[in-house]
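Containing compact mmCIF, C-alpha atoms (C1' of nucleotides): final-v4.txt.
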# COMPACT_ATOMS: atom_id res chain seq x y z
CA MET A 183 -8.69 -7.14 0.40
CA PHE A 184 -10.36 -4.46 2.49
CA SER A 185 -8.62 -1.74 0.55
CA ALA A 186 -9.99 -3.24 -2.66
CA LEU A 187 -13.48 -2.77 -1.23
CA ALA A 188 -12.76 0.70 0.10
CA ASN A 189 -13.71 2.37 -3.17
CA PRO A 190 -17.43 2.74 -3.93
CA VAL A 191 -16.87 2.37 -7.66
CA ARG A 192 -15.24 -1.00 -7.12
CA ARG A 193 -18.04 -2.17 -4.86
CA GLN A 194 -20.57 -1.15 -7.47
CA LEU A 195 -18.58 -3.02 -10.10
CA LEU A 196 -18.83 -6.16 -8.02
CA ASP A 197 -22.54 -5.56 -7.53
CA SER A 198 -22.99 -5.35 -11.30
CA LEU A 199 -21.02 -8.51 -11.88
CA ARG A 200 -23.38 -10.42 -9.61
CA GLU A 201 -25.83 -10.43 -12.50
CA GLY A 202 -23.33 -12.06 -14.79
CA PRO A 203 -20.13 -11.47 -16.76
CA ARG A 204 -19.78 -8.09 -18.44
CA ALA A 205 -17.41 -6.35 -20.82
CA VAL A 206 -15.45 -3.29 -19.76
CA SER A 207 -17.22 -0.64 -21.85
CA ASP A 208 -20.50 -2.07 -20.72
CA LEU A 209 -19.49 -1.65 -17.09
CA ALA A 210 -18.03 1.78 -17.73
CA GLY A 211 -21.39 2.95 -19.03
CA GLN A 212 -22.83 3.03 -15.51
CA PHE A 213 -20.29 5.55 -14.27
CA SER A 214 -19.32 9.07 -15.15
CA LEU A 215 -15.76 7.89 -15.38
CA SER A 216 -13.41 7.34 -18.27
CA ARG A 217 -12.91 3.82 -19.49
CA PRO A 218 -9.24 3.68 -18.43
CA SER A 219 -10.31 4.41 -14.86
CA ILE A 220 -12.70 1.51 -14.89
CA SER A 221 -10.00 -0.67 -16.36
CA GLU A 222 -7.69 0.19 -13.50
CA HIS A 223 -10.36 -0.44 -10.89
CA LEU A 224 -10.86 -3.82 -12.46
CA GLN A 225 -7.14 -4.47 -12.19
CA VAL A 226 -7.31 -3.75 -8.48
CA LEU A 227 -10.19 -6.17 -8.12
CA ARG A 228 -8.26 -8.74 -10.10
CA GLY A 229 -5.29 -8.24 -7.79
CA ALA A 230 -7.56 -9.09 -4.88
CA GLY A 231 -8.80 -12.17 -6.73
CA LEU A 232 -12.34 -10.82 -6.83
CA VAL A 233 -12.75 -10.94 -10.60
CA ARG A 234 -11.50 -13.07 -13.45
CA GLU A 235 -11.09 -12.01 -17.06
CA GLU A 236 -12.19 -13.96 -20.06
CA PRO A 237 -10.96 -12.48 -23.34
CA ARG A 238 -13.39 -13.20 -26.11
CA GLY A 239 -12.59 -11.56 -29.43
CA ARG A 240 -11.96 -7.89 -28.89
CA HIS A 241 -14.14 -7.87 -25.81
CA ARG A 242 -12.97 -8.87 -22.39
CA TYR A 243 -15.58 -10.27 -20.07
CA TYR A 244 -15.09 -9.94 -16.35
CA HIS A 245 -16.50 -12.58 -14.03
CA LEU A 246 -17.24 -12.26 -10.34
CA GLU A 247 -15.00 -14.42 -8.15
CA PRO A 248 -16.53 -14.07 -4.70
CA GLN A 249 -14.48 -16.54 -2.62
CA PRO A 250 -12.00 -13.97 -1.25
CA LEU A 251 -14.95 -12.15 0.31
CA ALA A 252 -15.13 -15.01 2.76
CA GLU A 253 -12.07 -13.46 4.35
CA VAL A 254 -14.11 -10.35 5.11
CA GLY A 255 -16.81 -12.54 6.57
CA GLN A 256 -14.24 -14.20 8.82
CA TRP A 257 -12.95 -10.88 10.09
CA LEU A 258 -16.48 -9.72 10.67
CA HIS A 259 -17.60 -12.82 12.48
CA PRO A 260 -16.34 -12.08 16.01
CA TYR A 261 -18.07 -8.70 15.82
CA GLU A 262 -21.38 -10.14 14.75
CA HIS A 263 -21.68 -11.57 18.22
CA PHE A 264 -21.10 -8.10 19.63
CA TRP A 265 -23.65 -6.21 17.65
CA ARG A 266 -26.32 -8.84 18.13
CA GLU A 267 -25.64 -8.54 21.85
CA ARG A 268 -26.17 -4.82 21.49
CA LEU A 269 -29.44 -5.18 19.67
CA ARG A 270 -30.67 -7.66 22.21
CA SER A 271 -29.96 -5.36 25.13
CA LEU A 272 -31.59 -2.53 23.24
CA ARG A 273 -34.65 -4.67 22.76
CA ASP A 274 -34.67 -5.53 26.45
CA VAL A 275 -34.56 -1.85 27.36
CA LEU A 276 -37.45 -1.15 25.05
CA ASP A 277 -39.41 -4.08 26.41
CA GLU A 278 -38.99 -2.77 29.90
CA GLU A 279 -39.87 0.75 28.83
CA PHE A 280 -43.14 -0.08 27.13
CA SER A 281 -44.38 -3.16 28.91
CA MET B 54 -17.66 2.71 6.50
CA PHE B 55 -15.58 0.53 4.21
CA SER B 56 -12.90 3.17 3.95
CA ALA B 57 -12.70 3.27 7.74
CA LEU B 58 -11.87 -0.43 7.66
CA ALA B 59 -9.46 -0.09 4.75
CA ASN B 60 -6.51 0.65 7.02
CA PRO B 61 -4.91 -2.32 8.82
CA VAL B 62 -4.00 -0.19 11.84
CA ARG B 63 -7.64 0.74 12.31
CA ARG B 64 -8.78 -2.86 12.01
CA GLN B 65 -6.24 -3.89 14.60
CA LEU B 66 -7.43 -1.09 16.87
CA LEU B 67 -10.95 -2.48 16.66
CA ASP B 68 -9.62 -5.96 17.35
CA SER B 69 -7.91 -4.70 20.48
CA LEU B 70 -11.00 -2.90 21.66
CA ARG B 71 -12.95 -6.17 21.54
CA GLU B 72 -11.25 -7.10 24.78
CA GLY B 73 -12.49 -3.98 26.51
CA PRO B 74 -12.04 -0.20 26.66
CA ARG B 75 -8.50 1.10 26.35
CA ALA B 76 -6.68 4.39 26.66
CA VAL B 77 -4.85 5.94 23.74
CA SER B 78 -1.25 5.48 24.87
CA ASP B 79 -2.08 1.93 25.77
CA LEU B 80 -3.35 1.29 22.25
CA ALA B 81 -0.44 3.13 20.68
CA GLY B 82 1.96 0.79 22.44
CA GLN B 83 1.08 -2.03 20.07
CA PHE B 84 2.21 -0.14 17.00
CA SER B 85 5.43 1.38 15.77
CA LEU B 86 3.53 4.59 15.19
CA SER B 87 3.53 7.92 16.96
CA ARG B 88 0.70 8.62 19.34
CA PRO B 89 -0.79 11.43 17.19
CA SER B 90 -1.23 8.93 14.35
CA ILE B 91 -3.18 6.62 16.58
CA SER B 92 -5.25 9.54 17.78
CA GLU B 93 -6.18 10.42 14.21
CA HIS B 94 -6.99 6.84 13.33
CA LEU B 95 -9.30 6.81 16.32
CA GLN B 96 -10.95 9.97 15.05
CA VAL B 97 -11.64 8.22 11.75
CA LEU B 98 -13.18 5.31 13.62
CA ARG B 99 -15.22 7.72 15.67
CA GLY B 100 -16.42 9.38 12.48
CA ALA B 101 -17.67 6.01 11.32
CA GLY B 102 -19.40 5.47 14.66
CA LEU B 103 -17.23 2.46 15.43
CA VAL B 104 -15.81 3.75 18.70
CA ARG B 105 -16.96 5.95 21.54
CA GLU B 106 -14.76 7.97 23.87
CA GLU B 107 -15.10 8.15 27.61
CA PRO B 108 -12.86 10.80 29.19
CA ARG B 109 -11.86 9.76 32.66
CA GLY B 110 -9.36 11.98 34.37
CA ARG B 111 -6.47 12.64 32.09
CA HIS B 112 -7.02 9.37 30.28
CA ARG B 113 -9.48 8.86 27.50
CA TYR B 114 -10.91 5.42 27.15
CA TYR B 115 -12.15 4.24 23.79
CA HIS B 116 -15.00 1.76 23.61
CA LEU B 117 -15.91 -0.50 20.72
CA GLU B 118 -19.22 0.38 19.10
CA PRO B 119 -19.82 -2.47 16.70
CA GLN B 120 -23.32 -1.74 15.36
CA PRO B 121 -22.20 0.04 12.18
CA LEU B 122 -20.39 -3.13 11.16
CA ALA B 123 -23.79 -4.62 10.52
CA GLU B 124 -23.81 -2.50 7.39
CA VAL B 125 -20.79 -4.41 6.12
CA GLY B 126 -22.58 -7.64 6.91
CA GLN B 127 -25.53 -6.48 4.87
CA TRP B 128 -23.40 -5.64 1.88
CA LEU B 129 -21.66 -8.96 2.18
CA HIS B 130 -24.80 -10.99 2.51
CA PRO B 131 -25.75 -11.38 -1.19
CA TYR B 132 -22.22 -12.59 -1.88
CA GLU B 133 -22.26 -15.13 0.89
CA HIS B 134 -24.74 -17.07 -1.16
CA PHE B 135 -22.30 -16.96 -4.07
CA TRP B 136 -19.23 -18.21 -2.32
CA ARG B 137 -21.09 -20.96 -0.51
CA GLU B 138 -22.39 -22.04 -3.89
CA ARG B 139 -18.80 -22.12 -5.07
CA LEU B 140 -17.61 -24.21 -2.17
CA ARG B 141 -20.47 -26.60 -2.58
CA SER B 142 -19.72 -27.20 -6.24
CA LEU B 143 -16.05 -27.62 -5.40
CA ARG B 144 -16.99 -30.22 -2.83
CA ASP B 145 -19.17 -31.97 -5.38
CA VAL B 146 -16.28 -32.12 -7.82
CA LEU B 147 -14.02 -33.54 -5.18
CA ASP B 148 -16.67 -36.05 -4.16
CA GLU B 149 -16.97 -37.22 -7.71
CA GLU B 150 -13.22 -37.30 -8.15
CA PHE B 151 -12.46 -39.45 -5.13
CA SER B 152 -15.56 -41.52 -4.61
C1' DG C 155 -6.21 -4.37 -46.55
C1' DC C 156 -7.89 -0.76 -43.64
C1' DA C 157 -10.79 1.87 -40.74
C1' DA C 158 -13.30 1.39 -36.51
C1' DC C 159 -13.63 -0.79 -32.20
C1' DG C 160 -12.42 -2.63 -27.37
C1' DC C 161 -8.84 -2.73 -24.07
C1' DG C 162 -4.54 -2.37 -21.35
C1' DT C 163 -0.97 0.57 -20.00
C1' DC C 164 1.83 4.52 -19.32
C1' DG C 165 2.86 9.46 -17.83
C1' DG C 166 1.52 13.00 -15.18
C1' DG C 167 -1.34 15.83 -12.38
C1' DA C 168 -4.71 16.38 -8.57
C1' DA C 169 -6.60 14.94 -4.44
C1' DA C 170 -6.70 12.20 -0.30
C1' DA C 171 -4.52 9.58 3.32
C1' DG C 172 -0.92 8.77 6.55
C1' DT C 173 2.82 10.26 9.58
C1' DT C 174 5.29 13.14 12.67
C1' DG C 175 7.13 17.02 15.79
C1' DA C 176 5.54 20.95 18.08
C1' DC C 177 2.24 23.12 20.82
C1' DG C 178 -1.60 23.84 24.17
C1' DC C 179 -4.94 22.34 27.50
C1' DG C 180 -6.78 19.84 31.31
C1' DT C 181 -5.51 16.48 35.08
C1' DC C 182 -2.88 14.34 38.55
C1' DG C 183 0.72 13.73 42.29
C1' DG C 184 3.68 15.58 45.50
C1' DC D 216 1.42 25.32 43.08
C1' DC D 217 4.22 23.14 39.71
C1' DG D 218 6.25 19.63 37.00
C1' DA D 219 4.95 15.44 34.72
C1' DC D 220 1.53 13.11 32.20
C1' DG D 221 -2.21 11.97 28.67
C1' DC D 222 -4.36 13.63 24.97
C1' DG D 223 -6.18 16.44 20.81
C1' DT D 224 -4.95 19.37 17.13
C1' DC D 225 -2.18 21.87 13.81
C1' DA D 226 1.28 22.57 10.05
C1' DA D 227 4.17 20.44 6.95
C1' DC D 228 5.86 16.50 4.38
C1' DT D 229 5.62 12.03 2.12
C1' DT D 230 3.09 8.39 0.19
C1' DT D 231 -0.86 6.50 -1.89
C1' DT D 232 -4.94 6.72 -4.49
C1' DC D 233 -7.62 8.37 -8.16
C1' DC D 234 -8.38 10.10 -12.73
C1' DC D 235 -7.60 11.10 -17.47
C1' DG D 236 -5.59 11.80 -22.35
C1' DA D 237 -2.54 9.61 -25.37
C1' DC D 238 -0.73 5.67 -27.36
C1' DG D 239 -0.27 0.87 -29.04
C1' DC D 240 -1.97 -3.75 -29.94
C1' DG D 241 -5.08 -7.26 -31.35
C1' DT D 242 -9.87 -8.06 -33.40
C1' DT D 243 -13.70 -7.33 -36.38
C1' DG D 244 -16.30 -5.95 -40.43
C1' DC D 245 -16.34 -4.21 -44.87
Just give me the structure as structure tokens.
Amino acid sequence: MFSALANPVRRQLLDSLREGPRAVSDLAGQFSLSRPSISEHLQVLRGAGLVREEPRGRHRYYHLEPQPLAEVGQWLHPYEHFWRERLRSLRDVLDEEFS
Amino acid sequence: MFSALANPVRRQLLDSLREGPRAVSDLAGQFSLSRPSISEHLQVLRGAGLVREEPRGRHRYYHLEPQPLAEVGQWLHPYEHFWRERLRSLRDVLDEEFS
DNA sequence: GCAACGCGTCGGGAAAAGTTGACGCGTCGG
DNA sequence: CCGACGCGTCAACTTTTCCCGACGCGTTGC
């Protein structure tokens, strides 16, 4: 899951798919990468359950499938508490400094 | 940032550091990895700003520094909307199915 | 039909990541 | 002062990731 998101190209692919389903060549147009590379990135995303493919004629539309990202949110959750804590204490310091 | 979290060992290191600062050998004990490996993983985390080192005597305590994780939260945020949407519609289907 | 198109996949090469033993440096305890 | 300890770093190796050209297969349009 995390390793699927480790690559910036794959994250950008997901970002693009937020606006709706897209065909491979269409997606590949955004990058200075060969089409096979994009195809393989999409396979990785599919392996993580983050996209779904819908073959339509000779095109193949990829759909965003965001549920697995909830797992990332779960991992992140205990830390959210921590960094909010941090920001709060920072704010307190600043309050004291400039009050 | 994401690539720093891509490795399961590094995520587990962060998890351990949630409970408080720890020395390297102490951390290394949890894994079936050599100590140098752990050291280098910690360097990666330090490069991402996720840990801070506090040398104390011949030990070196690593502290969790969770702020940069907020960046992950930000990236995730637009998707949160999506997967909640998904769960809601799933719930609606189930409601209709079993009501 | 048949040429052009859209894709997946495979083979192979390059680059990056991960792992370890060996070494060196500072610190601690006796 | 000296041996043991904790740690970072380096050199070398293995594994994984990334990228592309080449190929094959089904689809589309003429």
key: chain B contacts on chain C, only C-alpha atoms (C1' of nucleotides), 12 Å, as a list in words   = DA170, DA171, DG172, DT173, DT174, DG175, DA176, DC179, DG180, DT181 and DC182 of chain C
task = Identify, on the basis of only C-alpha atoms (C1' of nucleotides), every residue whose closest approach to Ala188 of chain A does not exceed 9 Å; exclude the query and any residue fewer than 5 positions from it along the same chain; express the result as a PyMOL selection string.
result = (chain A and resi 183+193) or (chain B and resi 54-59)
inquiry  = Residues of chain A were defined as contacting chain B if any atom lay at most 9 Å from it, counting only C-alpha atoms; please report them as a PyMOL selection string.
reply    = chain A and resi 183-190+200+247-252+254-255+258+260-262+264-266+268-269
Would you give me, as an mmCIF file with C-alpha atoms (C1' of nucleotides), in the frame of the given file, the residues of chain D that come within 12 Å of chain B, using all atoms listed in the file?
data_model
loop_
_atom_site.group_PDB
_atom_site.id
_atom_site.type_symbol
_atom_site.label_atom_id
_atom_site.label_comp_id
_atom_site.auth_asym_id
_atom_site.auth_seq_id
_atom_site.Cartn_x
_atom_site.Cartn_y
_atom_site.Cartn_z
ATOM 1 C "C1'" DC D 220 1.530 13.110 32.200
ATOM 2 C "C1'" DG D 221 -2.210 11.970 28.670
ATOM 3 C "C1'" DC D 222 -4.360 13.630 24.970
ATOM 4 C "C1'" DG D 223 -6.180 16.440 20.810
ATOM 5 C "C1'" DT D 224 -4.950 19.370 17.130
ATOM 6 C "C1'" DC D 225 -2.180 21.870 13.810
#
inquiry  = What does the structure give for the distance between atom CA of Leu224 of chain A and atom C1' of DT163 of chain C, in Å to one decimal?
reply    =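 Computed distance, atom CA of Leu224 of chain A to atom C1' of DT163 of chain C, equals 13.2 Å.
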ask   = What is the atom CA of Arg204 of chain A to atom C1' of DA158 of chain C distance in Å?
value =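 Computing it gives 21.4 Å between the two atoms.
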Nearest to Glu253 of chain A, chosen from A:Arg192, A:Glu236, A:Gly231, A:Ser214, with all atoms listed in the file counted in the distances = A:Gly231
query = If we count all atoms listed in the file, what is near DG165 of chain C at a cut-off of 12 Å, once residues fewer than 6 positions away on the same chain are taken out, given as a PyMOL selection string?
reply = chain D and resi 235-238
key: atom C1' of DG167 of chain C to atom C1' of DT231 of chain D, straight-line distance in Å   =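 We find that atom C1' of DT231 of chain D and atom C1' of DG167 of chain C lie 14.0 Å from each other.
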